[in-house]
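See below for the structure under consideration.
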Amino acid sequence: MISLNELWFVLIAVLFVGFFFLEGFDFGVGMQSQMLPKDERQRRVMINSIGPFWDANEVWLITGAGAMFAAFPEWYATLFSGFYVPFVFALFGLILRGVAFEYRGKAQTAGWRKTWDLSILIGSFLPPFLLAIVFASFIKGLPIDGDMQMHAAFFGDIVNVYTVLAGLAVVLMCNIHGLLFTALRTFGELQERARKRARTLLLPTGVLLLAFVIMTYFQTDIFEVRGVLLWAIAALGLVAFLLAGYFSKQKRDGWAFGMTGAVLGLSVISVFVGLFPRVMVSSLGEAYNLTITNAASGQYSLKVMTIVALTMLPFVLGYQIWSYFIFHKRLSDKETLEY
C-alpha cells in the first residue's frame with residue numbers, strides 16, 4: 001500500500017506535470033506572439049487566445065510549491081534557499097508577463113506597445129528556461145551537506161552545459177506547444193502560419209531533446225536507478241514527438257497539441273521517476289540525499305493535508321475544466337479584441 005510520503009510525492013509530480021502542460025502553451029504563445037504575427041491584429045488574436053487561461057494555469061505552480069512546503073518542508077527549504085537567484089528571476093518574469101498582458105492595450109502609441117510586447121517575450125522565456133535548469137539540477141546532483149544546506153556555485157553547479165541544454169529544450173518545446181495551441185484556437189492565415197512554424201521547430205527541438213537524453217545517461221545516475229522504466233518513458237516521448245509532427249501536417253490540431261503536451265508531461269514524469277525515493281540528489285554522497293522520508297512532515301500533518309486535498313481538489317479541477325469548455329471556440333482576426 002502506498003504511504004502518505006509516496007502519495008504526496010506523486011501529487012507534487014502531478015501538479016508540475018499539469019503546470020508544464022497548461023502553462024507551457026501560455027509561455028509558447030507569449031514568445032511566439034512577438035515573432036509569428038504579421039500585424040497587430042494577429043498579435044492581439046494570439047494574446048487573446050490565452051486571455052481566459054494564463055493566470056489560472058499559474059496556480060498549478062503555486063499549488064506545487066505550497067504542497068512542497070507543507071509535505072516536504074526540508075525539501076522546500078533547501079530548494080528555495082539554494083535556488084534563490086533563479087527563482088527570483090522566474091518570479092520577475094511571471095510578474096512582468098502578467099502586467100504586460102494587462103497594460104499593453106491601455107494606450108495606442110507604438111512605443112508603449114513595443115515596451116510591453118518585449119516584456120511579454122522576456123516574461124514568457126525566463127520561467128520555463130529557469131525552471132528547466134532547476135529540474136535538471138535535481139537529477140544531476142548538487143552539493144548538499146548533512147544539515148540539508150545547499151552550497152552550490154551559480155556558475156558550475158546550477159548553470160552549466162547540461163542544465164542550459166535542458167532550459168533551451170524546454171523553451172523550444174513550449175514554443176511548439178504554444179504554436180499548436182494557436183493553430184487549435186484560430187482560423188485562416190494565422191492558423192496556417194502557426195502550423196508551419198511548429199513543424200519548422202520540430203527538428204532543432206528534437207536534436208536538443210536527444211542531446212539532453214544522452215547527457216542525462218552519462219552525467220546522472222537515474223538510468224541506473226530506474227533504467228527500464230525511464231527508457232520506456234523516453235520511448236513514449238519519442239512516439240508522442242513524432243506524432244505531433246504527423247498530426248500537425250494532417251491539420252489535426254487537437255491531437256498535435258495533445259502530443260506536445262504529452263512530451264512536456266513525460267519529461268517532468270521522468271525527472272520524478274528518476275529521483276524517487278529521493279527529492280534532491282547530493283553530489284557529496286548518497287548519505288546526504290534528501291528523500292521522501294528525511295525531508296517529510298510528520299504523519300499527522302500529511303494525513304490532515306490528504307483529507308483537505310481530496311476534499312478540495314474536485315472543485316478546483318471542475319472549475320478549470322469548465323473554464324476551458326466555456327472558452328473553447330476559435331478566435332477570428334475579424335473580432336474586436338481588448339488586448
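All residue names refer to the C-alpha cells as shown: chains lettered A, B, ... in order, residues numbered from 1 in each chain, ligands numbered from 1 in order.
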Can you tell me, as a PyMOL selection string, what residues are no more than 12 Å from A:Ala56 when counting only C-alpha atoms, ignoring any on the same chain fewer than 5 positions away? chain A and resi 18-19+22-23+26+50-51+61-63+98+316-317+319-321+323-324
Please report as a Markdown table every residue of stretch 149-256 of chain A lying within 10 Å of stretch 133-136 of chain A, along with the nearest atom pair and their distance in Å (one decimal), using only C-alpha atoms.
```
| residue | atom | partner | partner_atom | distance |
| --- | --- | --- | --- | --- |
| A:Ile158 | CA | A:Ile133 | CA | 7.2 |
| A:Val159 | CA | A:Ile133 | CA | 7.2 |
| A:Asn160 | CA | A:Ile133 | CA | 8.9 |
| A:Tyr162 | CA | A:Ala136 | CA | 7.6 |
| A:Thr163 | CA | A:Ile133 | CA | 4.7 |
| A:Val164 | CA | A:Ile133 | CA | 6.2 |
| A:Leu165 | CA | A:Ile133 | CA | 8.3 |
| A:Ala166 | CA | A:Ile133 | CA | 6.3 |
| A:Gly167 | CA | A:Ile133 | CA | 5.4 |
| A:Leu168 | CA | A:Ile133 | CA | 9.1 |
| A:Val170 | CA | A:Ile133 | CA | 9.4 |
| A:Phe212 | CA | A:Ala136 | CA | 9.7 |
| A:Thr216 | CA | A:Ala136 | CA | 8.9 |
| A:Thr220 | CA | A:Ala136 | CA | 9.8 |
```
For the selection you just gave me, I'd like the residues written to a file as a PDB file, in the first residue's frame, keeping N, CA, C and O atoms.
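Result file follows (out_3.pdb):
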```
ATOM      1  N   ILE A 158      24.840  25.127 -10.763  1.00  0.00           N
ATOM      2  CA  ILE A 158      23.471  25.376 -11.228  1.00  0.00           C
ATOM      3  C   ILE A 158      23.438  25.637 -12.725  1.00  0.00           C
ATOM      4  O   ILE A 158      22.700  24.982 -13.474  1.00  0.00           O
ATOM      5  N   VAL A 159      24.211  26.597 -13.180  1.00  0.00           N
ATOM      6  CA  VAL A 159      24.251  26.925 -14.608  1.00  0.00           C
ATOM      7  C   VAL A 159      25.463  26.257 -15.234  1.00  0.00           C
ATOM      8  O   VAL A 159      26.607  26.607 -14.943  1.00  0.00           O
ATOM      9  N   ASN A 160      25.225  25.278 -16.059  1.00  0.00           N
ATOM     10  CA  ASN A 160      26.286  24.558 -16.773  1.00  0.00           C
ATOM     11  C   ASN A 160      25.722  24.074 -18.104  1.00  0.00           C
ATOM     12  O   ASN A 160      24.549  24.310 -18.407  1.00  0.00           O
ATOM     13  N   TYR A 162      24.858  21.181 -19.199  1.00  0.00           N
ATOM     14  CA  TYR A 162      23.748  20.231 -19.078  1.00  0.00           C
ATOM     15  C   TYR A 162      22.429  20.936 -18.747  1.00  0.00           C
ATOM     16  O   TYR A 162      21.405  20.698 -19.392  1.00  0.00           O
ATOM     17  N   THR A 163      22.452  21.810 -17.743  1.00  0.00           N
ATOM     18  CA  THR A 163      21.204  22.464 -17.327  1.00  0.00           C
ATOM     19  C   THR A 163      20.733  23.487 -18.353  1.00  0.00           C
ATOM     20  O   THR A 163      19.528  23.642 -18.572  1.00  0.00           O
ATOM     21  N   VAL A 164      21.678  24.206 -18.989  1.00  0.00           N
ATOM     22  CA  VAL A 164      21.289  25.167 -20.026  1.00  0.00           C
ATOM     23  C   VAL A 164      20.681  24.441 -21.223  1.00  0.00           C
ATOM     24  O   VAL A 164      19.703  24.914 -21.824  1.00  0.00           O
ATOM     25  N   LEU A 165      21.222  23.284 -21.554  1.00  0.00           N
ATOM     26  CA  LEU A 165      20.647  22.473 -22.632  1.00  0.00           C
ATOM     27  C   LEU A 165      19.212  22.092 -22.298  1.00  0.00           C
ATOM     28  O   LEU A 165      18.322  22.159 -23.162  1.00  0.00           O
ATOM     29  N   ALA A 166      18.976  21.705 -21.049  1.00  0.00           N
ATOM     30  CA  ALA A 166      17.612  21.392 -20.617  1.00  0.00           C
ATOM     31  C   ALA A 166      16.703  22.613 -20.756  1.00  0.00           C
ATOM     32  O   ALA A 166      15.564  22.505 -21.236  1.00  0.00           O
ATOM     33  N   GLY A 167      17.207  23.784 -20.344  1.00  0.00           N
ATOM     34  CA  GLY A 167      16.417  25.004 -20.442  1.00  0.00           C
ATOM     35  C   GLY A 167      16.036  25.343 -21.865  1.00  0.00           C
ATOM     36  O   GLY A 167      14.881  25.676 -22.160  1.00  0.00           O
ATOM     37  N   LEU A 168      16.983  25.244 -22.786  1.00  0.00           N
ATOM     38  CA  LEU A 168      16.716  25.557 -24.186  1.00  0.00           C
ATOM     39  C   LEU A 168      15.738  24.554 -24.800  1.00  0.00           C
ATOM     40  O   LEU A 168      14.852  24.930 -25.588  1.00  0.00           O
ATOM     41  N   VAL A 170      13.381  22.833 -23.258  1.00  0.00           N
ATOM     42  CA  VAL A 170      12.036  23.088 -22.736  1.00  0.00           C
ATOM     43  C   VAL A 170      11.444  24.351 -23.362  1.00  0.00           C
ATOM     44  O   VAL A 170      10.256  24.394 -23.700  1.00  0.00           O
ATOM     45  N   PHE A 212      19.998  16.019 -24.767  1.00  0.00           N
ATOM     46  CA  PHE A 212      19.763  16.052 -23.322  1.00  0.00           C
ATOM     47  C   PHE A 212      19.634  14.641 -22.760  1.00  0.00           C
ATOM     48  O   PHE A 212      20.176  14.338 -21.683  1.00  0.00           O
ATOM     49  N   THR A 216      22.073  13.056 -20.044  1.00  0.00           N
ATOM     50  CA  THR A 216      21.486  12.544 -18.806  1.00  0.00           C
ATOM     51  C   THR A 216      21.993  11.145 -18.498  1.00  0.00           C
ATOM     52  O   THR A 216      22.286  10.800 -17.343  1.00  0.00           O
ATOM     53  N   THR A 220      24.183  11.560 -15.006  1.00  0.00           N
ATOM     54  CA  THR A 220      23.357  11.291 -13.827  1.00  0.00           C
ATOM     55  C   THR A 220      23.280   9.788 -13.594  1.00  0.00           C
ATOM     56  O   THR A 220      23.716   8.990 -14.423  1.00  0.00           O
TER      57      THR A 220
END
```
Pick out each residue of stretch 17-182 of chain A that DSSP on the backbone tags as strand (DSSP E or B); I need them as an NGL selection string. :A and (142 or 144 or 150 or 155 or 159)
Residues as selected, all heavy atoms, written as a short mmCIF file (atom, residue, chain, number, x, y, z; two decimals), in the first residue's frame, can you do that?
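Once written, out-v7.cif looks like this:
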```
data_model
loop_
_atom_site.label_atom_id
_atom_site.label_comp_id
_atom_site.auth_asym_id
_atom_site.auth_seq_id
_atom_site.Cartn_x
_atom_site.Cartn_y
_atom_site.Cartn_z
N LEU A 142 23.66 18.18 -6.52
CA LEU A 142 24.13 19.47 -6.02
C LEU A 142 24.83 19.25 -4.68
O LEU A 142 24.53 18.28 -3.97
CB LEU A 142 22.95 20.43 -5.85
CG LEU A 142 22.25 20.84 -7.14
CD1 LEU A 142 20.82 21.24 -6.86
CD2 LEU A 142 23.00 21.98 -7.81
N ILE A 144 24.93 19.24 -1.33
CA ILE A 144 24.06 19.35 -0.16
C ILE A 144 24.72 18.61 0.99
O ILE A 144 25.10 17.43 0.85
CB ILE A 144 22.67 18.75 -0.45
CG1 ILE A 144 22.01 19.48 -1.62
CG2 ILE A 144 21.78 18.82 0.79
CD1 ILE A 144 20.73 18.82 -2.12
N MET A 150 22.39 23.63 0.96
CA MET A 150 22.98 23.54 -0.37
C MET A 150 24.02 24.64 -0.54
O MET A 150 23.74 25.81 -0.30
CB MET A 150 21.87 23.70 -1.43
CG MET A 150 22.30 23.32 -2.84
SD MET A 150 20.89 23.37 -3.96
CE MET A 150 21.15 24.96 -4.74
N PHE A 155 27.44 29.54 -11.24
CA PHE A 155 28.03 29.06 -12.49
C PHE A 155 28.87 27.83 -12.18
O PHE A 155 29.87 27.90 -11.48
CB PHE A 155 28.88 30.14 -13.15
CG PHE A 155 28.09 31.31 -13.64
CD1 PHE A 155 28.08 32.51 -12.94
CD2 PHE A 155 27.32 31.22 -14.79
CE1 PHE A 155 27.35 33.60 -13.39
CE2 PHE A 155 26.58 32.29 -15.25
CZ PHE A 155 26.59 33.48 -14.55
N VAL A 159 24.21 26.60 -13.18
CA VAL A 159 24.25 26.92 -14.61
C VAL A 159 25.46 26.26 -15.23
O VAL A 159 26.61 26.61 -14.94
CB VAL A 159 24.31 28.45 -14.82
CG1 VAL A 159 24.42 28.78 -16.30
CG2 VAL A 159 23.09 29.12 -14.22
#
```
List the spatial neighbours of A:Leu118 as a PyMOL selection string - criterion: any atom at most 12 Å away, only C-alpha atoms, same-chain residues fewer than 5 positions off excluded. chain A and resi 30-35+93+96-97+99-101+104+111-113+123-125
Please save all heavy atoms of the selected residues as a short mmCIF file (atom, residue, chain, number, x, y, z; two decimals), in the first residue's frame.
```
data_model
loop_
_atom_site.label_atom_id
_atom_site.label_comp_id
_atom_site.auth_asym_id
_atom_site.auth_seq_id
_atom_site.Cartn_x
_atom_site.Cartn_y
_atom_site.Cartn_z
N GLY A 30 3.11 33.31 -25.64
CA GLY A 30 3.71 34.59 -25.27
C GLY A 30 4.96 34.90 -26.08
O GLY A 30 5.15 36.02 -26.55
N MET A 31 5.83 33.90 -26.25
CA MET A 31 7.05 34.11 -27.03
C MET A 31 6.74 34.28 -28.51
O MET A 31 7.26 35.19 -29.16
CB MET A 31 8.02 32.94 -26.80
CG MET A 31 8.70 32.96 -25.44
SD MET A 31 9.89 31.60 -25.19
CE MET A 31 8.79 30.30 -24.64
N GLN A 32 5.90 33.42 -29.04
CA GLN A 32 5.62 33.46 -30.47
C GLN A 32 4.73 34.64 -30.87
O GLN A 32 4.71 35.05 -32.04
CB GLN A 32 4.97 32.15 -30.92
CG GLN A 32 5.96 30.99 -31.01
CD GLN A 32 7.02 31.21 -32.08
OE1 GLN A 32 6.74 31.74 -33.15
NE2 GLN A 32 8.25 30.81 -31.77
N SER A 33 4.00 35.20 -29.92
CA SER A 33 3.16 36.36 -30.25
C SER A 33 4.00 37.57 -30.66
O SER A 33 3.48 38.52 -31.25
CB SER A 33 2.27 36.74 -29.06
OG SER A 33 3.05 37.24 -27.98
N GLN A 34 5.30 37.52 -30.37
CA GLN A 34 6.18 38.61 -30.76
C GLN A 34 6.94 38.30 -32.06
O GLN A 34 7.65 39.16 -32.58
CB GLN A 34 7.19 38.89 -29.64
CG GLN A 34 6.58 39.00 -28.26
CD GLN A 34 5.39 39.94 -28.22
OE1 GLN A 34 5.45 41.06 -28.72
NE2 GLN A 34 4.29 39.48 -27.62
N MET A 35 6.79 37.07 -32.58
CA MET A 35 7.56 36.67 -33.76
C MET A 35 6.69 36.15 -34.90
O MET A 35 7.04 36.32 -36.06
CB MET A 35 8.57 35.58 -33.36
CG MET A 35 9.61 36.06 -32.36
SD MET A 35 10.77 34.74 -31.85
CE MET A 35 9.77 33.90 -30.62
N GLY A 93 9.85 37.27 -14.13
CA GLY A 93 9.28 37.03 -15.45
C GLY A 93 7.77 36.85 -15.40
O GLY A 93 7.05 37.39 -16.24
N LEU A 96 6.21 40.28 -14.68
CA LEU A 96 6.35 41.16 -15.84
C LEU A 96 5.37 40.77 -16.93
O LEU A 96 4.74 41.62 -17.55
CB LEU A 96 7.79 41.08 -16.37
CG LEU A 96 8.17 42.01 -17.51
CD1 LEU A 96 8.13 43.46 -17.05
CD2 LEU A 96 9.57 41.67 -18.03
N ARG A 97 5.21 39.47 -17.16
CA ARG A 97 4.31 38.99 -18.20
C ARG A 97 2.86 39.33 -17.87
O ARG A 97 2.09 39.79 -18.71
CB ARG A 97 4.48 37.48 -18.35
CG ARG A 97 3.83 36.89 -19.58
CD ARG A 97 4.21 35.43 -19.72
NE ARG A 97 3.54 34.63 -18.72
CZ ARG A 97 2.65 33.67 -19.00
NH1 ARG A 97 2.35 33.42 -20.25
NH2 ARG A 97 2.09 32.97 -18.05
N VAL A 99 1.70 41.74 -15.91
CA VAL A 99 1.48 43.18 -16.03
C VAL A 99 1.40 43.58 -17.50
O VAL A 99 0.55 44.40 -17.89
CB VAL A 99 2.61 43.95 -15.32
CG1 VAL A 99 2.51 45.45 -15.60
CG2 VAL A 99 2.57 43.69 -13.82
N ALA A 100 2.25 42.99 -18.34
CA ALA A 100 2.26 43.34 -19.76
C ALA A 100 0.95 42.98 -20.44
O ALA A 100 0.44 43.74 -21.27
CB ALA A 100 3.43 42.63 -20.45
N PHE A 101 0.40 41.80 -20.12
CA PHE A 101 -0.89 41.42 -20.70
C PHE A 101 -1.97 42.44 -20.39
O PHE A 101 -2.82 42.75 -21.23
CB PHE A 101 -1.33 40.05 -20.16
CG PHE A 101 -0.60 38.89 -20.76
CD1 PHE A 101 -0.34 37.76 -19.99
CD2 PHE A 101 -0.19 38.90 -22.07
CE1 PHE A 101 0.31 36.66 -20.54
CE2 PHE A 101 0.48 37.81 -22.63
CZ PHE A 101 0.73 36.70 -21.86
N ARG A 104 -0.67 46.41 -22.09
CA ARG A 104 -0.26 46.72 -23.47
C ARG A 104 -1.37 47.40 -24.27
O ARG A 104 -1.09 48.15 -25.19
CB ARG A 104 0.23 45.47 -24.19
CG ARG A 104 -0.83 44.52 -24.68
CD ARG A 104 -0.26 43.38 -25.50
NE ARG A 104 0.44 43.81 -26.67
CZ ARG A 104 -0.14 44.08 -27.84
NH1 ARG A 104 -1.45 43.99 -27.97
NH2 ARG A 104 0.59 44.44 -28.88
N GLY A 111 5.39 53.01 -29.17
CA GLY A 111 6.41 52.80 -28.16
C GLY A 111 5.87 52.08 -26.94
O GLY A 111 6.54 51.21 -26.37
N TRP A 112 4.67 52.45 -26.52
CA TRP A 112 4.03 51.81 -25.36
C TRP A 112 3.86 50.31 -25.61
O TRP A 112 4.22 49.47 -24.80
CB TRP A 112 2.69 52.48 -25.11
CG TRP A 112 1.86 51.86 -24.03
CD1 TRP A 112 0.95 50.85 -24.16
CD2 TRP A 112 1.84 52.22 -22.64
NE1 TRP A 112 0.37 50.55 -22.96
CE2 TRP A 112 0.88 51.38 -22.01
CE3 TRP A 112 2.52 53.18 -21.87
CZ2 TRP A 112 0.61 51.46 -20.64
CZ3 TRP A 112 2.23 53.26 -20.51
CH2 TRP A 112 1.29 52.41 -19.92
N ARG A 113 3.32 49.98 -26.78
CA ARG A 113 3.06 48.58 -27.09
C ARG A 113 4.35 47.78 -27.26
O ARG A 113 4.44 46.63 -26.83
CB ARG A 113 2.21 48.47 -28.37
CG ARG A 113 0.75 48.79 -28.12
CD ARG A 113 -0.06 48.60 -29.36
NE ARG A 113 -1.47 48.81 -29.08
CZ ARG A 113 -2.38 49.01 -30.00
NH1 ARG A 113 -2.04 49.03 -31.28
NH2 ARG A 113 -3.65 49.17 -29.68
N GLY A 123 9.12 37.80 -20.20
CA GLY A 123 8.37 37.13 -19.14
C GLY A 123 7.91 35.74 -19.51
O GLY A 123 7.64 34.91 -18.63
N SER A 124 7.80 35.45 -20.80
CA SER A 124 7.43 34.10 -21.24
C SER A 124 8.64 33.20 -21.42
O SER A 124 8.51 31.97 -21.38
CB SER A 124 6.66 34.19 -22.57
OG SER A 124 5.46 34.91 -22.43
N PHE A 125 9.82 33.78 -21.60
CA PHE A 125 11.04 33.00 -21.78
C PHE A 125 11.67 32.60 -20.44
O PHE A 125 12.08 31.44 -20.26
CB PHE A 125 12.06 33.79 -22.61
CG PHE A 125 13.43 33.18 -22.65
CD1 PHE A 125 13.72 32.14 -23.52
CD2 PHE A 125 14.44 33.62 -21.79
CE1 PHE A 125 14.99 31.55 -23.54
CE2 PHE A 125 15.70 33.06 -21.81
CZ PHE A 125 15.98 32.02 -22.69
#
```
Give me the residues within 7 Å of A:Ser49 as a list in words, counting only C-alpha atoms and dropping any in the same chain fewer than 3 places off. Val45, Met46, Arg185 and Leu331 of chain A
Go ahead and save the residues from that selection, with all heavy atoms, as a PDB file, in the first residue's frame.
```pdb
ATOM      1  N   VAL A  45      -4.968  38.600 -31.524  1.00  0.00           N
ATOM      2  CA  VAL A  45      -5.660  37.320 -31.527  1.00  0.00           C
ATOM      3  C   VAL A  45      -4.890  36.294 -30.704  1.00  0.00           C
ATOM      4  O   VAL A  45      -5.464  35.557 -29.886  1.00  0.00           O
ATOM      5  CB  VAL A  45      -5.866  36.809 -32.977  1.00  0.00           C
ATOM      6  CG1 VAL A  45      -6.366  35.368 -32.962  1.00  0.00           C
ATOM      7  CG2 VAL A  45      -6.855  37.688 -33.723  1.00  0.00           C
ATOM      8  N   MET A  46      -3.572  36.233 -30.899  1.00  0.00           N
ATOM      9  CA  MET A  46      -2.765  35.269 -30.154  1.00  0.00           C
ATOM     10  C   MET A  46      -2.827  35.532 -28.659  1.00  0.00           C
ATOM     11  O   MET A  46      -3.004  34.597 -27.866  1.00  0.00           O
ATOM     12  CB  MET A  46      -1.312  35.311 -30.640  1.00  0.00           C
ATOM     13  CG  MET A  46      -1.091  34.705 -32.006  1.00  0.00           C
ATOM     14  SD  MET A  46       0.672  34.501 -32.405  1.00  0.00           S
ATOM     15  CE  MET A  46       1.140  33.169 -31.286  1.00  0.00           C
ATOM     16  N   ARG A 185      -6.780  27.258 -31.844  1.00  0.00           N
ATOM     17  CA  ARG A 185      -7.706  28.300 -31.383  1.00  0.00           C
ATOM     18  C   ARG A 185      -8.002  29.382 -32.419  1.00  0.00           C
ATOM     19  O   ARG A 185      -8.753  30.308 -32.144  1.00  0.00           O
ATOM     20  CB  ARG A 185      -7.119  28.964 -30.135  1.00  0.00           C
ATOM     21  CG  ARG A 185      -7.080  28.079 -28.903  1.00  0.00           C
ATOM     22  CD  ARG A 185      -8.350  28.206 -28.111  1.00  0.00           C
ATOM     23  NE  ARG A 185      -8.393  29.522 -27.471  1.00  0.00           N
ATOM     24  CZ  ARG A 185      -9.511  30.141 -27.100  1.00  0.00           C
ATOM     25  NH1 ARG A 185     -10.668  29.597 -27.348  1.00  0.00           N
ATOM     26  NH2 ARG A 185      -9.448  31.323 -26.510  1.00  0.00           N
ATOM     27  N   LEU A 331     -10.835  31.753 -32.261  1.00  0.00           N
ATOM     28  CA  LEU A 331     -10.883  33.204 -32.386  1.00  0.00           C
ATOM     29  C   LEU A 331     -10.590  33.612 -33.817  1.00  0.00           C
ATOM     30  O   LEU A 331      -9.687  33.064 -34.456  1.00  0.00           O
ATOM     31  CB  LEU A 331      -9.855  33.854 -31.452  1.00  0.00           C
ATOM     32  CG  LEU A 331     -10.035  33.605 -29.952  1.00  0.00           C
ATOM     33  CD1 LEU A 331      -8.898  34.252 -29.185  1.00  0.00           C
ATOM     34  CD2 LEU A 331     -11.368  34.144 -29.468  1.00  0.00           C
TER      35      LEU A 331
END
```
Can you tell me, as a PyMOL selection string, which residues in stretch 41-258 of chain A count as helix (DSSP H, G or I) by DSSP? chain A and resi 41-49+54-57+59-71+73-82+84-103+110-140+161-185+188-219+222-225+227-249+253-258
Please provide as a PyMOL selection string all residues within 12 Å of A:Gly105, with the sequence filter that same-chain residues fewer than 3 positions apart are discarded (counting only C-alpha atoms). chain A and resi 40-41+43-44+47-48+99-102+108-117+337-339
